[in-house]
Amino acid sequence: MDAERLIAAGRRALAECRAALDVVAEAWQTQALAQAIGSQLAVRGPQELRGEARGLSEAGGRGGGLTDGCVLRTGGPRAAQLTEVADPRRALTALGTLLGEVGMALVGVACATDEEGLYWQCIEAIDAADESSDRVRAMLRRLSLHEPVRDRTRDRGIAPGRGDPAEPTASPP
């Protein structure tokens with residue numbers, strides 16, 4: 001399944017959460033999805049994203065809180081269904097939105113609970129979502145920086161990374 005469809009499913013699931021533990025479970029589902037998207041882009045994504053994508057995969061994996069209870073609550077890891085990231089920009093933008101929504105939902109749960117264990121689960125999940133969000137923003141910035149070059153080379157029929165013979169390679173003295 002495409003990343004955007006899985007992210008949309010995650011947003012719907014988060015919106016439907018009625019219990020605090022369901023929000024925490026969806027937070028870990030989102031981290032697993034961030035890890036899977038990062039892994040996918042590290043291997044098959046645009047060259048300029050591969051290093052940052054590995055970082056996103058590692059950040060998503062550090063969430064590590066997808067416990068058996070969370071898996072049972074949510075029907076298994078949604079990220080396991082990921083088959084492709086067809087449009088990296090759109091997928092990363094949607095993932096960034098989902099991570100932000102997860103962070104806000106977790107803050108709400110953390111503020112409302114009197115249970116210390118749940119509070120600390122939320123804090124850990126907030127930190128993980130924040131780190132993944134930082135990685136997603138960095139990847140989107142990198143895409144924006146490289147997009148004009150990619151567009152010029154595509155418009156001129158130049159293979160990416162080969163340079164444009166019509167443009168000087170060094171600055172004049």
# chains A, B, ... in the order shown; residues from 1 in each chain; ligands from 1

call {"tool": "residues_around", "arguments": {"residues": "Leu143 (chain A)", "least_positions_apart": "4", "cutoff": "9 Å", "atoms": "only C-alpha atoms", "output": "ChimeraX atom specification"}}
result
/A:46,48-49,88-89,138-139,147

call {"tool": "closest_atom_pairs", "arguments": {"of": "region 4-86 of chain A", "to": "region 106-121 of chain A", "cutoff": "8 Å", "atoms": "only C-alpha atoms", "output": "CSV"}}
result
residue,atom,partner,partner_atom,distance
A:Ala20,CA,A:Val109,CA,5.9
A:Leu21,CA,A:Leu118,CA,8.0
A:Val23,CA,A:Leu106,CA,6.8
A:Val24,CA,A:Leu106,CA,6.9
A:Ala27,CA,A:Leu106,CA,7.8

call {"tool": "atom_distance", "arguments": {"atom1": "CA of Val102 (chain A)", "atom2": "CA of Ala32 (chain A)"}}
result
12.9 Å

call {"tool": "closest_atom_pairs", "arguments": {"of": "region 69-122 of chain A", "to": "region 3-12 of chain A", "cutoff": "9 Å", "atoms": "only C-alpha atoms", "output": "Markdown table"}}
result
| residue | atom | partner | partner_atom | distance |
| --- | --- | --- | --- | --- |
| A:Arg78 | CA | A:Leu6 | CA | 7.1 |
| A:Ala79 | CA | A:Leu6 | CA | 7.4 |
| A:Gln81 | CA | A:Leu6 | CA | 7.9 |
| A:Leu82 | CA | A:Ala3 | CA | 6.1 |
| A:Thr83 | CA | A:Ala3 | CA | 7.7 |
| A:Glu84 | CA | A:Ala3 | CA | 6.3 |
| A:Val85 | CA | A:Ala3 | CA | 5.3 |
| A:Ala86 | CA | A:Ala3 | CA | 7.5 |
| A:Asp87 | CA | A:Glu4 | CA | 8.5 |
| A:Pro88 | CA | A:Ala3 | CA | 8.9 |
| A:Arg90 | CA | A:Glu4 | CA | 7.5 |
| A:Ala91 | CA | A:Glu4 | CA | 5.4 |
| A:Leu92 | CA | A:Glu4 | CA | 8.8 |
| A:Ala94 | CA | A:Ile7 | CA | 6.7 |
| A:Leu95 | CA | A:Ile7 | CA | 6.4 |
| A:Thr97 | CA | A:Arg11 | CA | 8.9 |
| A:Leu98 | CA | A:Arg11 | CA | 6.2 |
| A:Glu101 | CA | A:Arg11 | CA | 8.0 |
| A:Val102 | CA | A:Arg11 | CA | 8.6 |

call {"tool": "atom_distance", "arguments": {"atom1": "CA of Ala129 (chain A)", "atom2": "CA of Leu145 (chain A)"}}
result
24.3 Å

call {"tool": "closest_residue", "arguments": {"among": "A:Gln35, A:Met104, A:Arg141, A:Arg62", "to": "Glu124 (chain A)", "atoms": "only C-alpha atoms"}}
result
A:Arg62

call {"tool": "closest_residue", "arguments": {"among": "A:Asp22, A:Asp127, A:Asp134, A:Glu58", "to": "Ala36 (chain A)", "atoms": "only C-alpha atoms"}}
result
A:Glu58

call {"tool": "atom_distance", "arguments": {"atom1": "CA of Leu56 (chain A)", "atom2": "CA of Gly38 (chain A)"}}
result
5.0 Å
